$ cat work_13.txt   # compact mmCIF, C-alpha atoms
# COMPACT_ATOMS: atom_id res chain seq x y z
CA MET G 1 49.46 78.62 14.75
CA ALA G 2 50.13 75.42 16.60
CA THR G 3 46.52 75.31 17.80
CA LYS G 4 45.21 75.78 14.27
CA ALA G 5 47.45 72.99 13.00
CA ASN G 6 46.27 70.68 15.76
CA ASN G 7 42.59 71.38 14.93
CA THR G 8 43.21 70.65 11.30
CA LYS G 9 44.94 67.40 12.20
CA GLN G 10 42.04 66.35 14.49
CA ARG G 11 39.47 67.09 11.77
CA LYS G 12 41.43 64.97 9.33
CA THR G 13 41.64 62.16 11.91
CA ARG G 14 37.88 62.27 12.56
CA ALA G 15 37.17 62.36 8.83
CA ALA G 16 39.46 59.40 8.27
CA ARG G 17 37.76 57.52 11.13
CA ARG G 18 34.30 58.27 9.68
CA ALA G 19 35.48 57.20 6.25
CA ALA G 20 36.84 53.96 7.70
CA GLU G 21 33.61 53.34 9.61
CA GLU G 22 31.54 54.02 6.49
CA ALA G 23 33.75 51.69 4.47
CA ALA G 24 33.38 48.99 7.12
CA ALA G 25 29.61 49.49 7.15
CA ARG G 26 29.49 49.21 3.37
CA ALA G 27 31.59 46.05 3.54
CA ARG G 28 29.27 44.56 6.17
CA ALA G 29 26.20 45.46 4.08
CA GLU G 30 27.75 43.95 0.98
CA GLN G 31 28.66 40.77 2.90
CA ALA G 32 25.12 40.54 4.33
CA ALA G 33 23.63 40.99 0.87
CA LYS G 34 25.98 38.32 -0.48
CA GLU G 35 24.94 35.91 2.30
CA ARG G 36 21.26 36.62 1.62
CA ARG G 37 21.79 35.85 -2.07
CA GLN G 38 23.57 32.63 -1.15
CA GLN G 39 20.78 31.65 1.23
CA THR G 40 18.20 32.38 -1.46
CA ILE G 41 20.08 30.23 -3.95
CA ILE G 42 20.51 27.40 -1.41
CA GLY G 43 16.83 27.67 -0.45
CA ALA G 44 15.82 27.47 -4.11
CA ILE G 45 18.03 24.41 -4.60
CA VAL G 46 16.58 22.72 -1.48
CA ILE G 47 13.03 23.43 -2.65
CA ALA G 48 13.83 22.05 -6.11
CA VAL G 49 15.34 18.89 -4.61
CA VAL G 50 12.31 18.42 -2.33
CA VAL G 51 9.94 18.87 -5.28
CA VAL G 52 11.88 16.25 -7.26
CA LEU G 53 11.89 13.84 -4.30
CA ILE G 54 8.15 14.32 -3.79
CA ALA G 55 7.58 13.70 -7.49
CA ILE G 56 9.68 10.52 -7.34
CA ALA G 57 7.83 9.36 -4.21
CA GLY G 58 4.52 10.11 -5.88
CA ILE G 59 5.48 8.03 -8.89
CA ALA G 60 6.59 5.18 -6.63
CA ILE G 61 3.31 5.27 -4.71
CA TRP G 62 1.30 5.41 -7.95
CA ARG G 63 3.17 2.51 -9.46
CA SER G 64 2.73 0.40 -6.34
CA HIS G 65 -1.04 0.66 -6.51
CA VAL G 66 -1.73 0.24 -10.19
CA ALA G 67 -1.75 -3.36 -11.33
CA ALA G 68 0.21 -4.45 -14.38
CA GLN G 69 -2.11 -2.92 -16.96
CA ASP G 70 0.19 -3.70 -19.89
CA SER G 71 0.74 -7.33 -18.93
CA GLY G 72 -0.47 -9.45 -21.84
CA SER G 73 -1.80 -6.28 -23.47
CA ASN G 74 -2.55 -8.12 -26.68
CA LEU G 75 -5.01 -10.44 -24.91
CA THR G 76 -8.71 -9.87 -24.31
CA VAL G 77 -10.14 -10.58 -20.88
CA ASP G 78 -11.59 -13.86 -22.19
CA GLN G 79 -8.23 -14.89 -23.63
CA ALA G 80 -6.50 -13.99 -20.37
CA TYR G 81 -9.06 -16.08 -18.47
CA ALA G 82 -8.51 -19.02 -20.83
CA LYS G 83 -4.76 -18.70 -20.33
CA LEU G 84 -5.27 -18.80 -16.56
CA GLN G 85 -7.28 -22.01 -16.84
CA LYS G 86 -4.51 -23.65 -18.86
CA VAL G 87 -1.89 -23.24 -16.13
CA SER G 88 -0.97 -26.77 -15.15
CA ASP G 89 -0.12 -26.21 -11.49
CA LYS G 90 -2.91 -24.34 -9.68
CA PRO G 91 -3.52 -23.86 -5.95
CA SER G 92 -6.05 -26.46 -4.83
CA ILE G 93 -7.77 -23.90 -2.58
CA ALA G 94 -8.33 -21.26 -5.29
CA ASP G 95 -11.45 -20.94 -7.44
CA GLU G 96 -11.36 -20.43 -11.21
CA LYS G 97 -10.85 -16.67 -10.81
CA GLY G 98 -8.13 -16.93 -8.18
CA GLY G 99 -10.17 -16.42 -5.03
CA ILE G 100 -9.34 -18.19 -1.75
CA VAL G 101 -12.24 -18.25 0.69
CA VAL G 102 -11.52 -17.94 4.40
CA SER G 103 -14.47 -18.25 6.78
CA GLN G 104 -15.50 -19.44 10.21
CA GLN G 105 -15.65 -22.90 8.63
CA GLY G 106 -12.00 -22.76 7.57
CA VAL G 107 -10.11 -22.27 4.32
CA GLY G 108 -12.05 -23.12 1.17
CA GLU G 109 -15.41 -23.29 2.98
CA LYS G 110 -18.18 -20.68 3.05
CA THR G 111 -20.56 -19.68 5.81
CA ASP G 112 -24.14 -19.53 4.53
CA GLY G 113 -26.23 -16.37 4.59
CA VAL G 114 -23.47 -13.80 5.14
CA PRO G 115 -21.73 -11.29 2.85
CA THR G 116 -18.60 -12.14 0.93
CA VAL G 117 -15.83 -9.54 1.00
CA GLU G 118 -13.23 -9.89 -1.76
CA VAL G 119 -9.81 -8.30 -1.28
CA TYR G 120 -7.35 -8.05 -4.19
CA MET G 121 -3.89 -7.58 -2.74
CA ASP G 122 -0.15 -7.59 -3.34
CA PHE G 123 2.26 -8.06 -0.45
CA MET G 124 4.55 -5.32 -1.81
CA CYS G 125 1.77 -2.76 -2.21
CA SER G 126 1.90 0.08 0.33
CA GLY G 127 -1.81 0.81 -0.14
CA CYS G 128 -2.59 -2.82 0.67
CA GLY G 129 -0.44 -2.53 3.77
CA ASN G 130 -2.32 0.58 4.88
CA PHE G 131 -5.66 -1.14 4.30
CA GLU G 132 -4.61 -4.26 6.19
CA ARG G 133 -3.21 -2.33 9.14
CA ALA G 134 -6.45 -0.34 9.36
CA SER G 135 -8.94 -3.15 8.71
CA GLY G 136 -7.20 -6.52 9.08
CA ALA G 137 -8.08 -7.07 12.75
CA THR G 138 -11.74 -6.21 12.05
CA LEU G 139 -11.87 -8.57 9.07
CA GLU G 140 -10.46 -11.35 11.25
CA LYS G 141 -13.10 -10.73 13.95
CA LEU G 142 -15.86 -10.76 11.34
CA VAL G 143 -14.57 -14.04 9.89
CA GLU G 144 -14.16 -15.77 13.25
CA ALA G 145 -17.67 -14.70 14.37
CA GLY G 146 -19.18 -16.08 11.16
CA GLN G 147 -20.30 -12.62 10.02
CA ILE G 148 -18.56 -12.63 6.62
CA ASN G 149 -16.75 -14.82 4.13
CA LEU G 150 -13.40 -13.30 3.19
CA GLU G 151 -12.18 -14.04 -0.33
CA LEU G 152 -8.47 -13.35 -0.79
CA HIS G 153 -6.99 -12.63 -4.23
CA PRO G 154 -3.18 -12.53 -3.98
CA MET G 155 -1.26 -10.94 -6.86
CA SER G 156 2.45 -10.49 -7.57
CA PHE G 157 2.89 -7.54 -9.92
CA GLY G 158 4.76 -5.72 -7.12
CA ASP G 159 7.91 -7.66 -8.06
CA THR G 160 8.61 -4.70 -10.34
CA TRP G 161 9.55 -2.62 -7.29
CA SER G 162 11.35 -5.34 -5.35
CA PRO G 163 14.95 -6.56 -5.75
CA ASP G 164 14.13 -10.13 -4.74
CA LYS G 165 10.67 -11.00 -6.16
CA TYR G 166 9.14 -10.34 -2.77
CA SER G 167 5.54 -10.32 -4.01
CA THR G 168 5.85 -13.64 -5.81
CA ARG G 169 7.58 -15.39 -2.93
CA ALA G 170 5.15 -14.02 -0.32
CA ALA G 171 2.08 -14.95 -2.38
CA ASN G 172 3.45 -18.47 -2.93
CA LEU G 173 3.97 -18.85 0.81
CA LEU G 174 0.39 -17.76 1.50
CA LEU G 175 -1.00 -20.19 -1.06
CA THR G 176 1.05 -23.21 -0.02
CA ILE G 177 0.56 -22.59 3.70
CA ALA G 178 -3.21 -22.21 3.26
CA GLU G 179 -3.32 -25.55 1.44
CA GLN G 180 -1.96 -27.24 4.57
CA ASP G 181 -3.29 -25.09 7.43
CA LYS G 182 -7.05 -24.48 7.32
CA ASP G 183 -7.22 -22.40 10.51
CA PRO G 184 -8.52 -18.95 9.50
CA SER G 185 -6.80 -17.22 12.42
CA HIS G 186 -3.43 -18.62 11.28
CA ILE G 187 -3.90 -17.50 7.67
CA LEU G 188 -5.21 -14.04 8.53
CA GLY G 189 -2.60 -13.65 11.26
CA PHE G 190 0.12 -14.45 8.74
CA ILE G 191 -1.23 -11.76 6.40
CA GLN G 192 -1.34 -9.22 9.23
CA ASN G 193 2.25 -10.06 10.16
CA MET G 194 3.42 -9.70 6.57
CA TYR G 195 1.85 -6.26 6.34
CA ALA G 196 3.15 -5.12 9.74
CA ASP G 197 4.58 -1.61 9.55
CA ASP G 198 7.96 -2.82 10.80
CA PHE G 199 8.11 -5.76 8.38
CA GLN G 200 6.63 -4.91 4.97
CA PRO G 201 9.41 -3.54 2.74
CA ALA G 202 8.83 -0.17 1.13
CA GLU G 203 8.47 -0.05 -2.64
CA ASN G 204 11.72 0.61 -4.50
CA SER G 205 13.64 0.62 -1.19
CA GLY G 206 16.04 -2.10 -2.31
CA VAL G 207 15.38 -4.01 0.92
CA LYS G 208 15.70 -7.77 0.62
CA THR G 209 13.74 -10.16 2.84
CA SER G 210 14.74 -13.78 3.21
CA ASP G 211 12.37 -16.72 2.88
CA ASP G 212 13.14 -17.64 6.47
CA LYS G 213 12.05 -14.24 7.78
CA MET G 214 8.74 -14.57 5.95
CA ARG G 215 8.25 -18.08 7.29
CA GLN G 216 8.82 -16.76 10.79
CA GLN G 217 5.87 -14.41 10.28
CA ALA G 218 3.71 -17.47 9.61
CA ILE G 219 5.03 -19.29 12.67
CA LYS G 220 4.31 -16.22 14.83
CA ALA G 221 0.70 -16.42 13.59
CA GLY G 222 0.35 -20.02 14.79
CA VAL G 223 1.34 -21.98 11.68
CA SER G 224 3.42 -25.01 12.64
CA LYS G 225 7.13 -24.93 11.90
CA LYS G 226 6.72 -28.06 9.80
CA VAL G 227 4.13 -26.45 7.53
CA ALA G 228 5.90 -23.09 7.37
CA ASN G 229 9.31 -24.56 6.58
CA ALA G 230 7.86 -26.83 3.90
CA ALA G 231 5.95 -24.02 2.21
CA SER G 232 7.13 -23.16 -1.30
CA VAL G 233 8.15 -19.73 -2.59
CA ASP G 234 7.87 -20.67 -6.27
CA LYS G 235 5.32 -23.48 -6.77
CA TYR G 236 2.52 -21.29 -8.15
CA THR G 237 4.52 -18.57 -9.88
CA ALA G 238 3.15 -19.40 -13.35
CA TRP G 239 -0.38 -19.23 -11.95
CA LEU G 240 0.32 -15.87 -10.29
CA ASP G 241 1.71 -14.54 -13.57
CA ALA G 242 -1.54 -15.54 -15.28
CA ILE G 243 -3.55 -13.87 -12.48
CA ASP G 244 -1.53 -10.68 -12.98
CA THR G 245 -2.54 -10.73 -16.65
CA TYR G 246 -6.19 -11.56 -16.04
CA ASN G 247 -7.25 -9.36 -13.11
CA PRO G 248 -6.25 -5.97 -14.59
CA LYS G 249 -8.49 -6.73 -17.60
CA ARG G 250 -11.62 -7.40 -15.55
CA SER G 251 -13.86 -4.34 -15.88
CA GLU G 252 -15.73 -5.29 -12.70
CA LEU G 253 -12.49 -4.53 -10.81
CA PHE G 254 -11.95 -1.10 -12.36
CA ASN G 255 -12.11 2.06 -10.26
CA VAL G 256 -15.44 3.79 -10.76
CA SER G 257 -14.20 7.23 -9.66
CA GLY G 258 -11.06 9.18 -8.93
CA SER G 259 -7.76 9.54 -10.77
CA TYR G 260 -7.60 5.85 -11.68
CA LYS G 261 -11.13 5.51 -12.99
CA GLY G 262 -11.21 2.71 -15.56
CA GLN G 263 -8.11 0.99 -14.14
CA MET G 264 -7.58 -1.73 -11.58
CA THR G 265 -5.58 -0.77 -8.50
CA THR G 266 -4.74 -2.56 -5.29
CA PRO G 267 -6.22 -2.88 -2.83
CA THR G 268 -9.52 -3.52 -4.60
CA VAL G 269 -12.47 -4.53 -2.44
CA ARG G 270 -15.78 -5.99 -3.57
CA ILE G 271 -18.74 -6.82 -1.37
CA ASN G 272 -21.20 -9.46 -2.59
CA GLY G 273 -19.74 -9.01 -6.07
CA ASN G 274 -20.22 -5.22 -6.04
CA TYR G 275 -17.27 -2.86 -6.38
CA TRP G 276 -16.76 -0.94 -3.12
CA ASP G 277 -15.67 2.61 -3.92
CA MET G 278 -13.17 3.56 -1.25
CA ASN G 279 -12.83 7.01 -2.80
CA GLN G 280 -16.06 7.86 -0.98
CA LEU G 281 -14.40 7.43 2.41
CA SER G 282 -12.76 10.85 2.39
CA ALA G 283 -16.05 12.55 1.53
CA ALA G 284 -17.70 10.68 4.40
CA GLY G 285 -14.83 11.45 6.80
CA MET G 286 -14.34 7.75 7.51
CA THR G 287 -11.41 5.40 7.76
CA SER G 288 -11.46 2.24 5.64
CA ASN G 289 -12.26 0.26 8.77
CA GLU G 290 -15.23 2.45 9.73
CA GLY G 291 -16.48 2.50 6.17
CA LEU G 292 -16.25 -1.26 5.77
CA VAL G 293 -18.30 -1.91 8.91
CA ALA G 294 -20.94 0.60 7.78
CA ALA G 295 -21.02 -0.82 4.24
CA LEU G 296 -21.83 -4.27 5.64
CA GLY G 297 -24.72 -2.92 7.67
CA LEU G 298 -23.12 -3.34 11.08
CA THR G 299 -22.23 -1.06 13.97
CA ASP G 300 -18.87 -1.07 15.72
CA ASP G 301 -20.24 -2.81 18.80
CA GLN G 302 -21.59 -5.66 16.64
CA VAL G 303 -18.23 -6.53 15.11
CA GLY G 304 -17.07 -9.94 16.24
CA VAL G 305 -20.38 -10.80 17.94
CA GLU G 306 -21.60 -14.17 16.74
CA GLY G 307 -25.24 -14.06 15.66
CA GLN G 308 -25.15 -10.32 14.82
CA LEU G 309 -25.34 -10.69 11.05
CA PRO G 310 -24.72 -7.85 8.57
CA SER G 311 -27.98 -6.36 7.31
CA ILE G 312 -27.02 -6.69 3.63
CA GLY G 313 -26.98 -10.48 3.88
CA ALA G 314 -25.36 -12.71 1.27
CA SER G 315 -26.61 -10.84 -1.80
CA GLY G 316 -27.27 -7.20 -0.87
CA LYS G 317 -25.27 -4.28 -2.17
CA PRO G 318 -22.86 -2.49 0.18
CA ILE G 319 -24.43 0.46 2.00
CA SER G 320 -23.12 3.78 0.73
CA VAL G 321 -20.95 5.59 3.28
CA THR G 322 -22.11 8.94 1.88
CA THR G 323 -25.88 8.39 1.61
CA GLY G 324 -26.46 5.55 4.08
CA LYS G 325 -28.47 3.67 1.46

$ encode --input "work_13.txt" --output "structure tokens"
Amino acid sequence: MATKANNTKQRKTRAARRAAEEAAARARAEQAAKERRQQTIIGAIVIAVVVVLIAIAGIAIWRSHVAAQDSGSNLTVDQAYAKLQKVSDKPSIADEKGGIVVSQQGVGEKTDGVPTVEVYMDFMCSGCGNFERASGATLEKLVEAGQINLELHPMSFGDTWSPDKYSTRAANLLLTIAEQDKDPSHILGFIQNMYADDFQPAENSGVKTSDDKMRQQAIKAGVSKKVANAASVDKYTAWLDAIDTYNPKRSELFNVSGSYKGQMTTPTVRINGNYWDMNQLSAAGMTSNEGLVAALGLTDDQVGVEGQLPSIGASGKPISVTTGK
């Protein structure tokens, strides 16, 4: 009898142990399922946040490139041009459409028989920074070798995404420095320094940059301290405002392809008065620097070589990077 009782007790103990183990297993499974649900929810939240951040970044990038299309929206292009001409204080080095020529001859002087490359730019624009970092050194070599005339068109609509009117102050510095210092290497070096990856503020970042820091970028490029320190950050603001109204209305500056077809964006590049479609670069598998050299009718080993003149001359159209014609 005792043996039978003991067997019964052992069976009950084993059953209880199995029941406890099964309960523990169920608890672990339920906990694991709960954790998986939590991870799924967290993952979904993270993905949603990333999507929102990407969307915000995309909007910021878009807004940095598109010029102030609504500025003076009630004006025609002719009225905007007339308004520009009426500005009382204009840069002495700028032409009637806001271009500042930089060539081997200096600021405000052209080299005969070579192409003219126009660059429409804003110091706050990330796309302009990318273009300058890719092509600025090449443009400087081409200018110094007398292979092109570079026509700069500073704008200041990027103030919209700056807490301290960075675009306006930087453009004023460029204009007033170039009036006093005619050395092309100093002017182009200043632009390169302003667009340096470790200096140009990001759009909508809230970063503030002092006048003195910007002046130091000019001094690093070779501009004298006297000229840099005397340069104004506000002298031509009214003129820049008029430029920001006029340029976005000029159909010859409108994108001819891509998402922004029919709008002006920065950077805009024209060669001998012809719009250069940088949207073709991706199809050609080229960087902006490679494409620019090809569009001028040069090879890489000819860049910066005095006497090696671009094949398109002073009036030819840019060579297509996709067809070679």

$ atom_distance --input "work_13.txt" --atom1 "CA of Asn204 in chain G" --atom2 "CA of Ser167 in chain G"
12.6 Å

$ residues_around --input "work_13.txt" --residues "Trp161 in chain G" --least-positions-apart "2" --cutoff "7 Å" --atoms "all atoms listed in the file" --output "PyMOL selection string"
chain G and resi 158-159+163+203-204

$ residues_around --input "work_13.txt" --residues "Asn289 in chain G" --least-positions-apart "6" --cutoff "8 Å" --atoms "only C-alpha atoms" --output "list of chain:residue names"
G:Ala134, G:Ser135, G:Thr138

$ atom_distance --input "work_13.txt" --atom1 "CA of Gln200 in chain G" --atom2 "CA of Ile177 in chain G"
18.7 Å

$ residues_near_point --input "work_13.txt" --point "(1.4, 1.1, 1.2)" --cutoff "10 Å" --atoms "all atoms listed in the file" --output "MDAnalysis selection string"
chainID G and resid 61 64:65 122:133 195 197 200:203 266:267

$ atom_distance --input "work_13.txt" --atom1 "CA of Ala170 in chain G" --atom2 "CA of Ala145 in chain G"
27.1 Å

$ residues_around --input "work_13.txt" --residues "range 244-258 of chain G" --least-positions-apart "6" --cutoff "10 Å" --atoms "only C-alpha atoms" --output "PDB file with C-alpha atoms, in the frame of the given file"
ATOM      1  CA  VAL G  66      -1.730   0.240 -10.190  1.00  0.00           C
ATOM      2  CA  ALA G  67      -1.750  -3.360 -11.330  1.00  0.00           C
ATOM      3  CA  ALA G  68       0.210  -4.450 -14.380  1.00  0.00           C
ATOM      4  CA  GLN G  69      -2.110  -2.920 -16.960  1.00  0.00           C
ATOM      5  CA  ASP G  70       0.190  -3.700 -19.890  1.00  0.00           C
ATOM      6  CA  SER G  71       0.740  -7.330 -18.930  1.00  0.00           C
ATOM      7  CA  GLY G  72      -0.470  -9.450 -21.840  1.00  0.00           C
ATOM      8  CA  SER G  73      -1.800  -6.280 -23.470  1.00  0.00           C
ATOM      9  CA  LEU G  75      -5.010 -10.440 -24.910  1.00  0.00           C
ATOM     10  CA  THR G  76      -8.710  -9.870 -24.310  1.00  0.00           C
ATOM     11  CA  VAL G  77     -10.140 -10.580 -20.880  1.00  0.00           C
ATOM     12  CA  ASP G  78     -11.590 -13.860 -22.190  1.00  0.00           C
ATOM     13  CA  GLN G  79      -8.230 -14.890 -23.630  1.00  0.00           C
ATOM     14  CA  ALA G  80      -6.500 -13.990 -20.370  1.00  0.00           C
ATOM     15  CA  TYR G  81      -9.060 -16.080 -18.470  1.00  0.00           C
ATOM     16  CA  ALA G  82      -8.510 -19.020 -20.830  1.00  0.00           C
ATOM     17  CA  LYS G  83      -4.760 -18.700 -20.330  1.00  0.00           C
ATOM     18  CA  LEU G  84      -5.270 -18.800 -16.560  1.00  0.00           C
ATOM     19  CA  LYS G  97     -10.850 -16.670 -10.810  1.00  0.00           C
ATOM     20  CA  GLY G  98      -8.130 -16.930  -8.180  1.00  0.00           C
ATOM     21  CA  TYR G 120      -7.350  -8.050  -4.190  1.00  0.00           C
ATOM     22  CA  HIS G 153      -6.990 -12.630  -4.230  1.00  0.00           C
ATOM     23  CA  PRO G 154      -3.180 -12.530  -3.980  1.00  0.00           C
ATOM     24  CA  MET G 155      -1.260 -10.940  -6.860  1.00  0.00           C
ATOM     25  CA  SER G 156       2.450 -10.490  -7.570  1.00  0.00           C
ATOM     26  CA  PHE G 157       2.890  -7.540  -9.920  1.00  0.00           C
ATOM     27  CA  GLY G 158       4.760  -5.720  -7.120  1.00  0.00           C
ATOM     28  CA  ALA G 238       3.150 -19.400 -13.350  1.00  0.00           C
ATOM     29  CA  MET G 264      -7.580  -1.730 -11.580  1.00  0.00           C
ATOM     30  CA  THR G 265      -5.580  -0.770  -8.500  1.00  0.00           C
ATOM     31  CA  THR G 266      -4.740  -2.560  -5.290  1.00  0.00           C
ATOM     32  CA  THR G 268      -9.520  -3.520  -4.600  1.00  0.00           C
ATOM     33  CA  VAL G 269     -12.470  -4.530  -2.440  1.00  0.00           C
ATOM     34  CA  ARG G 270     -15.780  -5.990  -3.570  1.00  0.00           C
ATOM     35  CA  GLY G 273     -19.740  -9.010  -6.070  1.00  0.00           C
ATOM     36  CA  ASN G 274     -20.220  -5.220  -6.040  1.00  0.00           C
ATOM     37  CA  TYR G 275     -17.270  -2.860  -6.380  1.00  0.00           C
ATOM     38  CA  TRP G 276     -16.760  -0.940  -3.120  1.00  0.00           C
ATOM     39  CA  ASP G 277     -15.670   2.610  -3.920  1.00  0.00           C
ATOM     40  CA  MET G 278     -13.170   3.560  -1.250  1.00  0.00           C
ATOM     41  CA  ASN G 279     -12.830   7.010  -2.800  1.00  0.00           C
ATOM     42  CA  GLN G 280     -16.060   7.860  -0.980  1.00  0.00           C
TER      43      GLN G 280
END

$ closest_residue --input "work_13.txt" --among "G:Ile219, G:Leu240, G:Ile148, G:Met194" --to "Asp181 in chain G" --atoms "only C-alpha atoms"
G:Ile219

$ residues_near_point --input "work_13.txt" --point "(-7.2, -10.8, 13.4)" --cutoff "8 Å" --atoms "all atoms listed in the file" --output "PyMOL selection string"
chain G and resi 136-141+185+188-189+192

$ closest_residue --input "work_13.txt" --among "G:Ser205, G:Gln217, G:Gln104, G:Thr299" --to "Phe190 in chain G" --atoms "all atoms listed in the file"
G:Gln217

$ residues_around --input "work_13.txt" --residues "Glu306 in chain G" --least-positions-apart "3" --cutoff "8 Å" --atoms "all atoms listed in the file" --output "MDAnalysis selection string"
chainID G and resid 145:147 309

$ closest_residue --input "work_13.txt" --among "G:Leu152, G:Leu173, G:Ser162, G:Lys182" --to "Glu109 in chain G" --atoms "all atoms listed in the file"
G:Lys182

$ closest_residue --input "work_13.txt" --among "G:Val227, G:Pro184, G:Asp164, G:Pro115" --to "Lys317 in chain G" --atoms "only C-alpha atoms"
G:Pro115

$ closest_residue --input "work_13.txt" --among "G:Ala314, G:Thr322, G:Arg169, G:Trp239" --to "Asp212 in chain G" --atoms "all atoms listed in the file"
G:Arg169

$ decode --input "work_13.txt" --residues "range 223-229 of chain G" --atoms "all heavy atoms" --output "PDB file, in the first residue's frame"
ATOM      1  N   VAL G 223      42.842  88.811 -50.303  1.00  0.00           N
ATOM      2  CA  VAL G 223      42.332  90.185 -50.208  1.00  0.00           C
ATOM      3  C   VAL G 223      43.003  90.857 -49.007  1.00  0.00           C
ATOM      4  O   VAL G 223      43.159  90.242 -47.945  1.00  0.00           O
ATOM      5  CB  VAL G 223      40.799  90.185 -50.034  1.00  0.00           C
ATOM      6  CG1 VAL G 223      40.265  91.598 -49.839  1.00  0.00           C
ATOM      7  CG2 VAL G 223      40.132  89.526 -51.249  1.00  0.00           C
ATOM      8  N   SER G 224      43.394  92.102 -49.170  1.00  0.00           N
ATOM      9  CA  SER G 224      44.066  92.792 -48.073  1.00  0.00           C
ATOM     10  C   SER G 224      43.108  93.007 -46.905  1.00  0.00           C
ATOM     11  O   SER G 224      41.890  93.113 -47.089  1.00  0.00           O
ATOM     12  CB  SER G 224      44.598  94.145 -48.543  1.00  0.00           C
ATOM     13  OG  SER G 224      43.529  95.059 -48.758  1.00  0.00           O
ATOM     14  N   LYS G 225      43.666  93.073 -45.714  1.00  0.00           N
ATOM     15  CA  LYS G 225      42.837  93.302 -44.528  1.00  0.00           C
ATOM     16  C   LYS G 225      42.108  94.637 -44.625  1.00  0.00           C
ATOM     17  O   LYS G 225      40.953  94.751 -44.209  1.00  0.00           O
ATOM     18  CB  LYS G 225      43.714  93.280 -43.269  1.00  0.00           C
ATOM     19  CG  LYS G 225      44.225  91.906 -42.892  1.00  0.00           C
ATOM     20  CD  LYS G 225      45.002  91.956 -41.577  1.00  0.00           C
ATOM     21  CE  LYS G 225      45.501  90.569 -41.189  1.00  0.00           C
ATOM     22  NZ  LYS G 225      46.261  90.605 -39.915  1.00  0.00           N
ATOM     23  N   LYS G 226      42.781  95.619 -45.207  1.00  0.00           N
ATOM     24  CA  LYS G 226      42.173  96.946 -45.337  1.00  0.00           C
ATOM     25  C   LYS G 226      40.910  96.874 -46.187  1.00  0.00           C
ATOM     26  O   LYS G 226      39.864  97.429 -45.816  1.00  0.00           O
ATOM     27  CB  LYS G 226      43.175  97.909 -45.958  1.00  0.00           C
ATOM     28  CG  LYS G 226      42.643  99.328 -46.129  1.00  0.00           C
ATOM     29  CD  LYS G 226      43.704 100.247 -46.721  1.00  0.00           C
ATOM     30  CE  LYS G 226      43.152 101.657 -46.907  1.00  0.00           C
ATOM     31  NZ  LYS G 226      44.173 102.573 -47.504  1.00  0.00           N
ATOM     32  N   VAL G 227      41.000  96.203 -47.328  1.00  0.00           N
ATOM     33  CA  VAL G 227      39.844  96.090 -48.224  1.00  0.00           C
ATOM     34  C   VAL G 227      38.759  95.226 -47.590  1.00  0.00           C
ATOM     35  O   VAL G 227      37.571  95.570 -47.605  1.00  0.00           O
ATOM     36  CB  VAL G 227      40.267  95.509 -49.592  1.00  0.00           C
ATOM     37  CG1 VAL G 227      39.044  95.123 -50.423  1.00  0.00           C
ATOM     38  CG2 VAL G 227      41.127  96.517 -50.348  1.00  0.00           C
ATOM     39  N   ALA G 228      39.147  94.099 -47.019  1.00  0.00           N
ATOM     40  CA  ALA G 228      38.169  93.185 -46.427  1.00  0.00           C
ATOM     41  C   ALA G 228      37.430  93.840 -45.261  1.00  0.00           C
ATOM     42  O   ALA G 228      36.204  93.734 -45.146  1.00  0.00           O
ATOM     43  CB  ALA G 228      38.860  91.906 -45.966  1.00  0.00           C
ATOM     44  N   ASN G 229      38.153  94.515 -44.405  1.00  0.00           N
ATOM     45  CA  ASN G 229      37.533  95.118 -43.229  1.00  0.00           C
ATOM     46  C   ASN G 229      36.656  96.316 -43.575  1.00  0.00           C
ATOM     47  O   ASN G 229      35.726  96.650 -42.836  1.00  0.00           O
ATOM     48  CB  ASN G 229      38.610  95.535 -42.222  1.00  0.00           C
ATOM     49  CG  ASN G 229      39.294  94.345 -41.580  1.00  0.00           C
ATOM     50  OD1 ASN G 229      38.720  93.261 -41.497  1.00  0.00           O
ATOM     51  ND2 ASN G 229      40.532  94.522 -41.125  1.00  0.00           N
TER      52      ASN G 229
END
